[in-house]
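What follows is the content of final_36.cif (mmCIF, C-alpha atoms).
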```cif
data_model
loop_
_atom_site.label_atom_id
_atom_site.label_comp_id
_atom_site.auth_asym_id
_atom_site.auth_seq_id
_atom_site.Cartn_x
_atom_site.Cartn_y
_atom_site.Cartn_z
CA MET A 546 -63.80 131.03 -144.91
CA ARG A 547 -63.36 132.81 -148.24
CA ALA A 548 -64.94 131.50 -151.45
CA VAL A 549 -61.57 130.43 -152.82
CA GLU A 550 -60.79 128.36 -149.72
CA ARG A 551 -64.21 126.75 -149.77
CA ALA A 552 -63.78 125.99 -153.46
CA GLN A 553 -60.38 124.45 -152.73
CA ALA A 554 -62.12 122.21 -150.22
CA GLY A 555 -64.44 121.00 -153.01
CA ASP A 556 -67.40 123.35 -152.55
CA ALA A 557 -68.94 123.74 -156.04
CA ARG A 558 -71.16 126.64 -154.96
CA ALA A 559 -68.12 128.60 -153.85
CA PHE A 560 -66.55 127.84 -157.22
CA GLU A 561 -69.66 129.23 -158.90
CA VAL A 562 -69.15 132.48 -156.95
CA LEU A 563 -65.59 132.65 -158.28
CA TYR A 564 -66.88 131.88 -161.77
CA ARG A 565 -69.46 134.71 -161.63
CA GLU A 566 -66.83 137.17 -160.42
CA ASN A 567 -64.31 136.31 -163.12
CA VAL A 568 -66.04 134.86 -166.17
CA GLY A 569 -66.50 138.15 -168.06
CA ARG A 570 -62.81 138.91 -167.94
CA ILE A 571 -61.80 135.36 -168.85
CA HIS A 572 -64.28 135.20 -171.74
CA ALA A 573 -63.02 138.55 -173.08
CA LEU A 574 -59.48 137.15 -172.99
CA CYS A 575 -60.51 133.92 -174.75
CA LEU A 576 -62.46 135.85 -177.38
CA ARG A 577 -59.65 138.25 -178.20
CA MET A 578 -56.91 135.62 -178.11
CA SER A 579 -58.78 133.21 -180.38
CA GLY A 580 -60.50 135.76 -182.60
CA ASP A 581 -63.46 133.40 -182.91
CA PRO A 582 -66.66 133.37 -180.77
CA ALA A 583 -67.27 129.61 -181.01
CA THR A 584 -63.68 128.77 -180.06
CA ALA A 585 -63.85 131.35 -177.26
CA ALA A 586 -67.01 129.76 -175.82
CA ASP A 587 -65.28 126.36 -175.68
CA LEU A 588 -62.08 127.85 -174.27
CA THR A 589 -63.97 129.68 -171.51
CA GLN A 590 -65.51 126.40 -170.38
CA ASP A 591 -62.21 124.56 -170.62
CA VAL A 592 -60.36 127.24 -168.66
CA PHE A 593 -62.77 127.02 -165.72
CA VAL A 594 -62.75 123.21 -165.69
CA HIS A 595 -58.94 123.34 -165.81
CA ALA A 596 -58.88 125.92 -163.00
CA TRP A 597 -61.17 123.69 -160.88
CA LYS A 598 -58.65 120.89 -161.26
CA LYS A 599 -55.73 123.18 -160.44
CA LEU A 600 -57.35 125.02 -157.50
CA GLY A 601 -55.11 123.19 -155.05
CA GLN A 602 -52.10 124.91 -156.58
CA PHE A 603 -53.42 128.39 -155.71
CA ARG A 604 -51.34 129.40 -152.70
CA GLY A 605 -52.79 132.83 -152.03
CA ASP A 606 -49.56 134.64 -152.99
CA ALA A 607 -51.56 136.83 -155.40
CA GLN A 608 -55.20 137.76 -155.92
CA PHE A 609 -57.28 134.81 -157.10
CA SER A 610 -58.31 136.79 -160.20
CA THR A 611 -54.64 137.36 -161.10
CA TRP A 612 -53.86 133.65 -160.66
CA LEU A 613 -56.90 132.64 -162.70
CA ARG A 614 -56.01 135.05 -165.51
CA ARG A 615 -52.50 133.61 -165.70
CA VAL A 616 -53.90 130.04 -165.71
CA ALA A 617 -56.26 131.12 -168.51
CA VAL A 618 -53.51 132.74 -170.59
CA ASN A 619 -51.30 129.66 -170.38
CA PHE A 620 -54.20 127.33 -171.13
CA VAL A 621 -55.39 129.39 -174.12
CA LEU A 622 -51.87 129.74 -175.54
CA ASN A 623 -51.37 125.97 -175.34
CA ALA A 624 -54.77 125.27 -176.88
CA LEU A 625 -54.18 127.73 -179.72
CA LYS A 626 -50.71 126.31 -180.31
CA SER A 627 -52.15 122.79 -180.65
CA GLU A 628 -54.88 124.04 -182.97
CA ARG A 629 -52.35 125.94 -185.07
CA ARG A 630 -50.14 122.86 -185.34
CA ARG A 631 -53.13 120.89 -186.54
CA ARG A 632 -53.99 123.50 -189.17
CA LEU A 633 -50.38 123.86 -190.26
CA ARG A 634 -50.57 120.32 -191.56
CA VAL A 635 -53.04 121.67 -194.11
CA HIS A 636 -51.80 125.19 -194.76
CA THR A 637 -49.56 127.85 -193.23
CA THR A 638 -51.50 130.40 -191.22
CA ASP A 639 -48.94 132.74 -189.75
CA GLU A 640 -46.81 133.61 -192.74
CA LEU A 641 -46.05 137.28 -193.02
CA GLU A 642 -46.91 137.84 -196.66
CA PRO A 643 -50.71 137.66 -196.70
CA PHE A 644 -50.94 139.92 -193.66
CA ASP A 645 -48.00 142.22 -194.04
CA ARG A 646 -50.11 145.10 -195.23
CA GLY A 647 -53.36 146.05 -193.56
CA GLU A 648 -55.42 146.00 -196.79
CA HIS A 649 -57.35 142.90 -195.84
CA MET A 650 -58.54 144.66 -192.69
CA ARG A 651 -61.59 146.87 -192.60
CA PRO A 652 -61.22 150.52 -191.50
CA VAL A 653 -61.29 150.99 -187.73
CA GLU A 654 -63.19 153.85 -186.14
CA THR A 655 -65.19 152.29 -183.31
CA ARG A 656 -64.50 149.88 -180.49
CA LEU A 657 -66.33 147.05 -182.23
CA GLU A 658 -64.34 147.66 -185.39
CA LEU A 659 -61.15 147.48 -183.37
CA GLU A 660 -62.31 144.14 -181.90
CA ASP A 661 -62.92 142.88 -185.45
CA ALA A 662 -59.53 144.15 -186.62
CA VAL A 663 -57.76 142.45 -183.69
CA ALA A 664 -59.59 139.21 -184.58
CA ALA A 665 -58.32 139.56 -188.15
CA LEU A 666 -54.66 139.84 -187.10
CA PRO A 667 -52.35 136.89 -187.76
CA PRO A 668 -52.47 134.61 -184.67
CA GLY A 669 -48.98 135.32 -183.28
CA ALA A 670 -49.32 139.09 -183.57
CA ARG A 671 -52.86 138.95 -182.17
CA SER A 672 -51.82 137.04 -179.03
CA VAL A 673 -48.99 139.45 -178.27
CA PHE A 674 -51.11 142.55 -178.93
CA VAL A 675 -53.89 141.30 -176.63
CA LEU A 676 -51.49 140.29 -173.89
CA HIS A 677 -49.50 143.54 -173.99
CA ASP A 678 -51.82 146.32 -175.08
CA VAL A 679 -55.13 145.00 -173.72
CA GLU A 680 -54.22 142.76 -170.78
CA GLY A 681 -51.20 144.80 -169.71
CA TYR A 682 -48.55 142.06 -169.43
CA ARG A 683 -44.90 143.08 -169.89
CA HIS A 684 -42.67 141.94 -172.75
CA LYS A 685 -40.70 139.78 -170.32
CA ASP A 686 -43.80 137.98 -169.00
CA ILE A 687 -45.16 137.40 -172.49
CA ALA A 688 -41.82 136.04 -173.68
CA GLN A 689 -41.90 133.58 -170.78
CA MET A 690 -45.50 132.54 -171.50
CA LEU A 691 -44.75 131.97 -175.18
CA GLY A 692 -41.30 130.48 -174.66
CA VAL A 693 -39.71 132.96 -177.06
CA ALA A 694 -37.18 135.81 -176.81
CA GLU A 695 -38.32 139.28 -175.78
CA GLY A 696 -37.17 140.56 -179.17
CA THR A 697 -39.63 138.20 -180.86
CA VAL A 698 -42.44 139.52 -178.67
CA LYS A 699 -41.57 143.11 -179.55
CA ALA A 700 -41.40 142.32 -183.27
CA GLN A 701 -44.87 140.68 -183.16
CA LEU A 702 -46.27 143.57 -181.13
CA HIS A 703 -44.93 146.19 -183.52
CA ARG A 704 -46.28 144.23 -186.46
CA ALA A 705 -49.74 144.03 -184.88
CA ARG A 706 -49.73 147.74 -184.08
CA ARG A 707 -48.61 148.63 -187.60
CA LEU A 708 -51.41 146.59 -189.16
CA LEU A 709 -54.00 148.07 -186.82
CA ARG A 710 -52.66 151.61 -187.31
CA GLU A 711 -53.00 151.24 -191.05
CA ALA A 712 -56.59 150.11 -190.59
CA LEU A 713 -57.18 152.98 -188.15
CA VAL A 714 -56.30 155.73 -190.63
CA ARG A 715 -58.17 154.51 -193.68
CA MET B 914 -30.80 162.93 -183.75
CA ASN B 915 -30.27 162.18 -187.44
CA GLY B 916 -33.20 160.99 -189.56
CA HIS B 917 -36.63 159.75 -188.55
CA PRO B 918 -36.95 157.18 -185.75
CA ASP B 919 -37.86 153.81 -187.23
CA ASP B 920 -41.00 151.91 -186.23
CA GLU B 921 -39.26 149.96 -183.46
CA ARG B 922 -37.78 153.11 -181.92
CA LEU B 923 -41.08 154.95 -182.06
CA ASN B 924 -42.83 152.02 -180.35
CA ASP B 925 -40.12 151.77 -177.72
CA TRP B 926 -40.39 155.50 -177.06
CA ILE B 927 -44.15 155.30 -176.61
CA ASP B 928 -43.78 152.22 -174.39
CA GLY B 929 -41.22 154.06 -172.24
CA LEU B 930 -38.48 151.54 -172.99
CA LEU B 931 -35.79 153.98 -174.15
CA GLU B 932 -33.00 155.37 -172.01
CA PRO B 933 -33.71 158.98 -170.92
CA ALA B 934 -31.24 160.52 -173.40
CA ASP B 935 -32.67 158.47 -176.30
CA ALA B 936 -36.21 159.29 -175.26
CA GLU B 937 -35.43 163.01 -175.21
CA ALA B 938 -33.91 162.82 -178.70
CA VAL B 939 -36.98 161.02 -180.12
CA GLU B 940 -39.31 163.43 -178.37
CA ALA B 941 -37.46 166.42 -179.79
CA HIS B 942 -37.61 164.93 -183.29
CA VAL B 943 -41.29 164.01 -183.09
CA SER B 944 -42.26 167.47 -181.89
CA ALA B 945 -40.43 169.04 -184.85
CA CYS B 946 -41.35 166.49 -187.57
CA GLU B 947 -44.91 166.53 -188.83
CA ALA B 948 -44.76 163.04 -190.39
CA CYS B 949 -43.38 161.41 -187.23
CA ARG B 950 -45.82 163.32 -185.05
CA ALA B 951 -48.70 162.01 -187.17
CA GLY B 952 -47.34 158.46 -186.81
CA ALA B 953 -46.97 158.85 -183.05
CA ASP B 954 -50.47 160.33 -182.77
CA ARG B 955 -51.95 157.35 -184.63
CA LEU B 956 -50.11 154.95 -182.38
CA HIS B 957 -51.31 156.82 -179.28
CA ALA B 958 -54.88 156.75 -180.63
CA LEU B 959 -54.65 153.00 -181.22
CA LEU B 960 -53.29 152.34 -177.73
CA GLU B 961 -55.98 154.51 -176.15
CA MET B 962 -58.66 152.56 -178.02
CA ALA B 963 -57.10 149.27 -176.97
CA ALA B 964 -56.91 150.37 -173.34
CA ALA B 965 -60.57 151.42 -173.48
CA LEU B 966 -61.80 148.01 -174.69
CA PRO B 967 -64.17 146.50 -172.11
CA GLU B 968 -62.45 144.31 -169.53
CA SER B 969 -65.41 142.01 -169.40
CA ILE B 970 -67.54 140.31 -172.07
CA ASP B 971 -70.43 138.03 -171.16
CA PRO B 972 -70.06 134.40 -172.26
CA PRO B 973 -72.89 132.61 -174.10
CA ALA B 974 -75.86 131.51 -171.99
CA GLY B 975 -75.44 128.06 -170.45
CA THR B 976 -71.69 128.33 -169.95
CA TRP B 977 -71.84 127.82 -166.18
CA GLU B 978 -74.25 124.89 -166.51
CA ALA B 979 -71.82 123.16 -168.88
CA ILE B 980 -68.87 123.82 -166.55
CA ALA B 981 -70.85 122.65 -163.51
CA ALA B 982 -71.75 119.38 -165.24
CA ARG B 983 -68.11 118.74 -166.06
CA THR B 984 -66.86 119.58 -162.56
CA VAL B 985 -69.54 117.38 -160.94
CA GLU B 986 -68.29 114.54 -163.12
CA LEU B 987 -64.74 115.23 -161.93
CA GLY B 988 -65.89 115.24 -158.29
CA ARG B 989 -67.68 111.93 -158.74
CA THR B 990 -64.58 110.37 -160.30
CA ARG B 991 -62.48 111.65 -157.41
CA ARG B 992 -64.71 110.04 -154.78
CA GLU B 993 -64.66 106.74 -156.66
CA VAL B 994 -60.88 106.86 -156.82
CA LEU B 995 -60.57 107.46 -153.09
CA ARG B 996 -62.92 104.53 -152.38
CA SER B 997 -60.96 102.29 -154.74
CA LEU B 998 -57.67 103.19 -153.08
CA ARG B 999 -58.74 102.46 -149.50
CA LEU B 1000 -59.12 98.70 -149.70
CA PRO B 1001 -55.95 97.76 -151.55
CA LEU B 1002 -53.88 100.03 -149.37
CA ALA B 1003 -55.32 98.57 -146.17
CA ALA B 1004 -54.64 95.05 -147.37
CA ALA B 1005 -51.20 95.73 -148.71
CA ALA B 1006 -47.97 94.75 -147.08
CA VAL B 1007 -46.31 97.68 -145.39
CA VAL B 1008 -42.73 98.77 -145.83
CA LEU B 1009 -41.39 101.41 -143.53
CA VAL B 1010 -39.27 104.05 -145.13
CA ALA B 1011 -37.43 106.73 -143.18
CA VAL B 1012 -38.12 110.10 -144.70
CA SER B 1013 -36.45 113.42 -143.95
CA ALA B 1014 -35.35 112.47 -140.46
CA GLY B 1015 -33.48 115.74 -139.98
CA ALA B 1016 -36.50 117.84 -140.84
CA THR B 1017 -38.72 115.83 -138.59
CA ALA B 1018 -36.34 116.20 -135.65
CA LEU B 1019 -36.37 119.96 -136.12
CA LEU B 1020 -40.13 120.05 -136.39
CA LEU B 1021 -40.65 117.84 -133.39
CA ARG B 1022 -38.26 119.99 -131.42
CA ASP B 1023 -40.29 123.06 -132.34
CA ALA B 1024 -43.50 121.31 -131.46
CA GLY B 1025 -42.07 120.30 -128.11
CA ARG B 1026 -42.23 116.61 -128.90
CA ALA B 1027 -39.66 113.86 -128.73
CA GLY B 1028 -38.83 111.75 -131.76
CA THR B 1029 -36.12 110.59 -134.04
CA GLY B 1030 -37.68 110.24 -137.42
CA SER B 1031 -40.70 109.74 -139.50
CA THR B 1032 -42.06 106.57 -140.98
CA VAL B 1033 -44.25 106.37 -144.00
CA ALA B 1034 -46.23 103.35 -145.05
CA VAL B 1035 -45.64 102.23 -148.61
CA ALA B 1036 -47.79 99.50 -150.08
CA PRO B 1037 -45.79 97.56 -152.63
CA VAL B 1038 -48.72 95.68 -154.16
CA ALA B 1039 -52.15 96.44 -155.52
CA ALA B 1040 -51.09 99.65 -157.23
CA PRO B 1041 -53.92 101.78 -158.54
CA ALA B 1042 -54.20 101.83 -162.31
CA GLY B 1043 -52.58 104.69 -164.21
CA GLY B 1044 -54.41 106.86 -166.74
CA PRO B 1045 -57.58 108.73 -165.71
CA VAL B 1046 -57.74 107.01 -162.32
CA LEU B 1047 -54.28 108.21 -161.38
CA VAL B 1048 -54.96 111.67 -162.79
CA ALA B 1049 -58.04 111.99 -160.58
CA ALA B 1050 -56.13 110.67 -157.54
CA GLU B 1051 -53.31 113.12 -158.16
CA ASP B 1052 -55.84 115.90 -158.47
CA THR B 1053 -57.24 115.05 -155.04
CA PHE B 1054 -53.82 114.97 -153.46
CA GLU B 1055 -52.80 118.24 -155.13
CA ARG B 1056 -55.87 120.01 -153.79
CA GLU B 1057 -55.33 118.76 -150.25
CA TYR B 1058 -51.65 119.63 -150.43
CA GLY B 1059 -52.46 123.12 -151.73
CA ARG B 1060 -54.92 123.68 -148.90
CA LEU B 1061 -52.46 122.55 -146.21
CA LEU B 1062 -49.60 124.49 -147.74
CA ALA B 1063 -51.65 127.69 -147.82
CA GLU B 1064 -52.44 127.15 -144.13
CA PHE B 1065 -48.77 126.53 -143.37
CA ARG B 1066 -47.69 129.65 -145.29
CA ALA B 1067 -50.11 131.70 -143.22
CA ARG B 1068 -48.52 130.40 -140.00
CA GLN B 1069 -44.90 129.77 -140.92
CA ASP B 1070 -43.73 132.96 -139.20
CA ALA B 1071 -44.21 131.11 -135.92
CA LEU B 1072 -41.23 128.88 -136.85
CA ASP B 1073 -37.59 129.88 -137.04
CA SER B 1074 -36.19 130.47 -140.51
CA ALA B 1075 -33.91 127.40 -140.41
CA THR B 1076 -36.91 125.13 -139.83
CA VAL B 1077 -38.89 126.78 -142.60
CA ALA B 1078 -35.88 126.36 -144.91
CA VAL B 1079 -35.71 122.63 -144.09
CA VAL B 1080 -39.41 122.22 -144.78
CA GLU B 1081 -39.04 124.02 -148.12
CA GLU B 1082 -36.02 121.89 -149.02
CA ASN B 1083 -37.91 118.68 -148.22
CA LEU B 1084 -40.86 119.79 -150.31
CA ARG B 1085 -38.53 120.57 -153.21
CA ILE B 1086 -36.99 117.10 -152.95
CA ILE B 1087 -40.43 115.47 -152.89
CA ASP B 1088 -41.60 117.61 -155.83
CA ALA B 1089 -38.56 116.50 -157.82
CA ALA B 1090 -39.23 112.86 -156.88
CA LEU B 1091 -42.83 113.23 -158.07
CA GLU B 1092 -41.70 114.67 -161.38
CA ARG B 1093 -39.22 111.83 -161.89
CA ALA B 1094 -41.86 109.20 -161.10
CA ARG B 1095 -44.30 110.84 -163.53
CA SER B 1096 -41.66 110.92 -166.27
CA ALA B 1097 -40.83 107.27 -165.62
CA LEU B 1098 -44.51 106.36 -165.88
CA GLN B 1099 -44.80 108.24 -169.16
CA ALA B 1100 -41.88 106.26 -170.49
CA ASP B 1101 -43.31 102.98 -169.13
CA PRO B 1102 -47.13 103.32 -168.93
CA GLY B 1103 -47.63 99.64 -168.17
CA ASN B 1104 -45.56 99.74 -164.98
CA ARG B 1105 -47.90 98.96 -162.07
CA ALA B 1106 -45.50 100.02 -159.31
CA LEU B 1107 -45.11 103.60 -160.48
CA PRO B 1108 -48.72 104.79 -159.90
CA LEU B 1109 -48.42 103.52 -156.35
CA LEU B 1110 -45.09 105.26 -155.92
CA ILE B 1111 -46.65 108.48 -157.15
CA THR B 1112 -49.63 108.32 -154.81
CA GLU B 1113 -47.36 107.41 -151.90
CA THR B 1114 -45.05 110.32 -152.68
CA HIS B 1115 -48.10 112.58 -152.54
CA ARG B 1116 -48.88 111.20 -149.08
CA GLN B 1117 -45.33 111.87 -147.93
CA ARG B 1118 -45.56 115.45 -149.16
CA ILE B 1119 -48.84 115.96 -147.34
CA ALA B 1120 -47.37 114.38 -144.19
CA VAL B 1121 -44.43 116.81 -144.23
CA VAL B 1122 -46.74 119.82 -144.49
CA GLU B 1123 -49.05 118.43 -141.81
CA ARG B 1124 -46.10 118.06 -139.41
CA ALA B 1125 -44.87 121.53 -140.28
CA LEU B 1126 -48.34 122.91 -139.71
CA ARG B 1127 -48.59 121.22 -136.31
CA ALA B 1128 -45.23 122.64 -135.34
CA ALA B 1129 -46.33 126.13 -136.39
CA THR B 1130 -49.61 125.92 -134.51
CA PRO B 1131 -49.54 126.94 -130.84
CA PRO B 1132 -50.87 124.25 -128.48
CA GLN B 1133 -54.53 124.70 -127.46
CA ARG B 1134 -54.96 125.63 -123.80
CA SER B 1135 -57.26 123.23 -121.95
CA GLU B 1136 -60.38 124.79 -120.40
CA ALA B 1137 -60.62 122.08 -117.74
#
```
What do you get writing this file as C-alpha cells?
Amino acid sequence: MRAVERAQAGDARAFEVLYRENVGRIHALCLRMSGDPATAADLTQDVFVHAWKKLGQFRGDAQFSTWLRRVAVNFVLNALKSERRRRLRVHTTDELEPFDRGEHMRPVETRLELEDAVAALPPGARSVFVLHDVEGYRHKDIAQMLGVAEGTVKAQLHRARRLLREALVR
Amino acid sequence: MNGHPDDERLNDWIDGLLEPADAEAVEAHVSACEACRAGADRLHALLEMAAALPESIDPPAGTWEAIAARTVELGRTRREVLRSLRLPLAAAAVVLVAVSAGATALLLRDAGRAGTGSTVAVAPVAAPAGGPVLVAAEDTFEREYGRLLAEFRARQDALDSATVAVVEENLRIIDAALERARSALQADPGNRALPLLITETHRQRIAVVERALRAATPPQRSEA
C-alpha cells in the first residue's frame, strides 16, 4: 500500500513520509506568499494539519504533491485574506500609491535579493507573481483561486513584474 | 505596427498569449527598437531569475514535531467521537428510510444478487453535539468515504457506464443533502437533530460506495 493510502487510513508514520517528501516545496510557497518567515513557519504547520484532515478527499486523480500544493495555495490565500482584512481595520496595505514605483525596493542582482524584493511587493501583486512566475499556475487557475477576473490577475502580475524589473536594473 | 507595445502587450507577448499575427508584429518591433528590446531583455532576465528560484526551502527545526503533536490530538479526538457515537446510536429508535432504490437494484443486478431496495437506519434521538465533536466525526466519515471512493474509482471499469452514472448521481444528491444540512446547522446551531442527520447522511454515502464497490469486485473463487 502506498504512503498516501496508509496515511488516509490514519497511519501517522506514512503521513510523516509524505511530509518529508513535500515540506520543502510547501514551506517555500508559504514563505514567498506571505513574505514573512514567522508567518510562513506557522502557515507550513497549518497547511499540513489541514491536509491531514482533508486526506480523505484525495482521490488519486492527480499526483499527491500536486493535490497538496493546491490545498496549500488555497489555505494560504484564505489565511492571508483573513490577516489582510484584520490589518485593513487599522490601515490600508494594498493601495497602489506607496508601491507604484520600485524606489522602496532594494536593487536586485542575486537570488536572495530577488526573494527579498518579492517579499517587499504589495500582497496582491506578490501572490500573483509567486503563483504565476514561480509556481507556474496559469492566469485562469489563479483567477479561480482568488475569485477574481483573469484581467485582474494579469494587471497584478504586470504590476509585480514592473516593480521587480525596476529594482533589477538599478 | 505603430508605436511601442505597451507594458501589457509586451508581457502578453513574452507569456505567449498573443495571436500569431500580433506576436509577429511585436517581435518585429522589439528586434528593431532598442528601448523595447532593453525592456524585453529585462523582463526575460527577471523571469529567468524567478524560474531559477529554489523549489524547496527547509522549514524551521521542530516543524514536524509540532505538526505531529497536533495530528495526534486530532486522532485522539476522532477515537473519542466514535466511542461516544456508538452507544446512543445503538440505543436509539430506528426509522427505516428507503434510499436510492433504483441505484441499488442496478447494483444488486450487477452483483448477481436479488433485492428491491436499500434500508438505512436513522436514529432520531440522542444526536451527537455539534461544534468540534461533529467536525471530528465528519472528518472521520470523510476519510473513510475518500478511501472507499478511491477504491471504487480504481475498479469502476468493471461496471457498465449506466450503473456508474447512477452511482455518481446518487453521490451528487447525497453531497447536496449534506451541504444543505450543514447550512441549516449553521443557521440554527442549537438544533440537536441536524448533527444526527449529517452523520447519518455520511453513513448513507458510505453505504452507497460500499455497495458499488461490492458490485465492481469479482466474486472470490472458493478453494474448497
Distance cut-off 8 Å, counting all atoms listed in the file - which residues of chain A neighbour chain B? Return them as a ChimeraX atom specification. /A:550,553-555,557,561,564,568-573,586,589-591,593-594,597-605,656,659,678-679,700,703,706,709-710,713-714
C-alpha atoms of the current selection, written as a short mmCIF file (atom, residue, chain, number, x, y, z; two decimals), in the coordinates of the input:
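Written output follows (result.cif):
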```cif
data_model
loop_
_atom_site.label_atom_id
_atom_site.label_comp_id
_atom_site.auth_asym_id
_atom_site.auth_seq_id
_atom_site.Cartn_x
_atom_site.Cartn_y
_atom_site.Cartn_z
CA GLU A 550 -60.79 128.36 -149.72
CA GLN A 553 -60.38 124.45 -152.73
CA ALA A 554 -62.12 122.21 -150.22
CA GLY A 555 -64.44 121.00 -153.01
CA ALA A 557 -68.94 123.74 -156.04
CA GLU A 561 -69.66 129.23 -158.90
CA TYR A 564 -66.88 131.88 -161.77
CA VAL A 568 -66.04 134.86 -166.17
CA GLY A 569 -66.50 138.15 -168.06
CA ARG A 570 -62.81 138.91 -167.94
CA ILE A 571 -61.80 135.36 -168.85
CA HIS A 572 -64.28 135.20 -171.74
CA ALA A 573 -63.02 138.55 -173.08
CA ALA A 586 -67.01 129.76 -175.82
CA THR A 589 -63.97 129.68 -171.51
CA GLN A 590 -65.51 126.40 -170.38
CA ASP A 591 -62.21 124.56 -170.62
CA PHE A 593 -62.77 127.02 -165.72
CA VAL A 594 -62.75 123.21 -165.69
CA TRP A 597 -61.17 123.69 -160.88
CA LYS A 598 -58.65 120.89 -161.26
CA LYS A 599 -55.73 123.18 -160.44
CA LEU A 600 -57.35 125.02 -157.50
CA GLY A 601 -55.11 123.19 -155.05
CA GLN A 602 -52.10 124.91 -156.58
CA PHE A 603 -53.42 128.39 -155.71
CA ARG A 604 -51.34 129.40 -152.70
CA GLY A 605 -52.79 132.83 -152.03
CA ARG A 656 -64.50 149.88 -180.49
CA LEU A 659 -61.15 147.48 -183.37
CA ASP A 678 -51.82 146.32 -175.08
CA VAL A 679 -55.13 145.00 -173.72
CA ALA A 700 -41.40 142.32 -183.27
CA HIS A 703 -44.93 146.19 -183.52
CA ARG A 706 -49.73 147.74 -184.08
CA LEU A 709 -54.00 148.07 -186.82
CA ARG A 710 -52.66 151.61 -187.31
CA LEU A 713 -57.18 152.98 -188.15
CA VAL A 714 -56.30 155.73 -190.63
#
```
Taking the file as I've supplied it (selection: the PyMOL selection byres ((chain A and resi 686) around 12)), which residues are included? Please answer as a ChimeraX atom specification. /A:615,618-619,673,676-677,680-685,687-695,698-699
Skipping near chain neighbours, those fewer than 4 positions away, what residues fall within 10 Å of B:Val1077 using all atoms listed in the file, listed as a list in words?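 With the cut-off at 10 Å, the set is Ala1016, Leu1019, Leu1020, Phe1065, Arg1066, Gln1069, Asp1070, Ala1071, Leu1072, Asp1073, Glu1081, Glu1082, Asn1083, Ala1125 and Ala1129 of chain B.
When all atoms listed in the file are used to measure the gap to A:Gly580, the shortest distance among A:Arg704, A:Asp661, A:Glu711, A:Arg551 belongs to A:Asp661.
Between atom CA of A:Asp606 and atom CA of A:Leu563 there is a distance of 17.0 Å.
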Just to confirm, what's the straight-line distance from atom CA of A:Ser672 to atom CA of A:Leu613 in Å (one decimal)?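 The value is 17.7 Å.
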Interatomic distance, atom CA of A:Phe620 to atom CA of B:Leu1107 (Å, one decimal): 27.6 Å
3 Å per side around stretch 1105-1109 of chain B: axis-aligned box centre and edge lengths, as lines of an AutoDock Vina configuration file:
```
center_x = -46.9
center_y = 101.9
center_z = -159.2
size_x = 9.6
size_y = 11.8
size_z = 11.7
```
Taking into account only C-alpha atoms, which residue in the set B:Leu930, B:Val943, B:Ile1111, B:Ala1128 is nearest to B:Arg1095? B:Ile1111
Nearby residues (only C-alpha atoms) at most 9 Å from A:Ala664, same-chain spacing under 4 positions excluded, as an MDAnalysis selection string: chainID A and resid 576:581 659:660 668 671
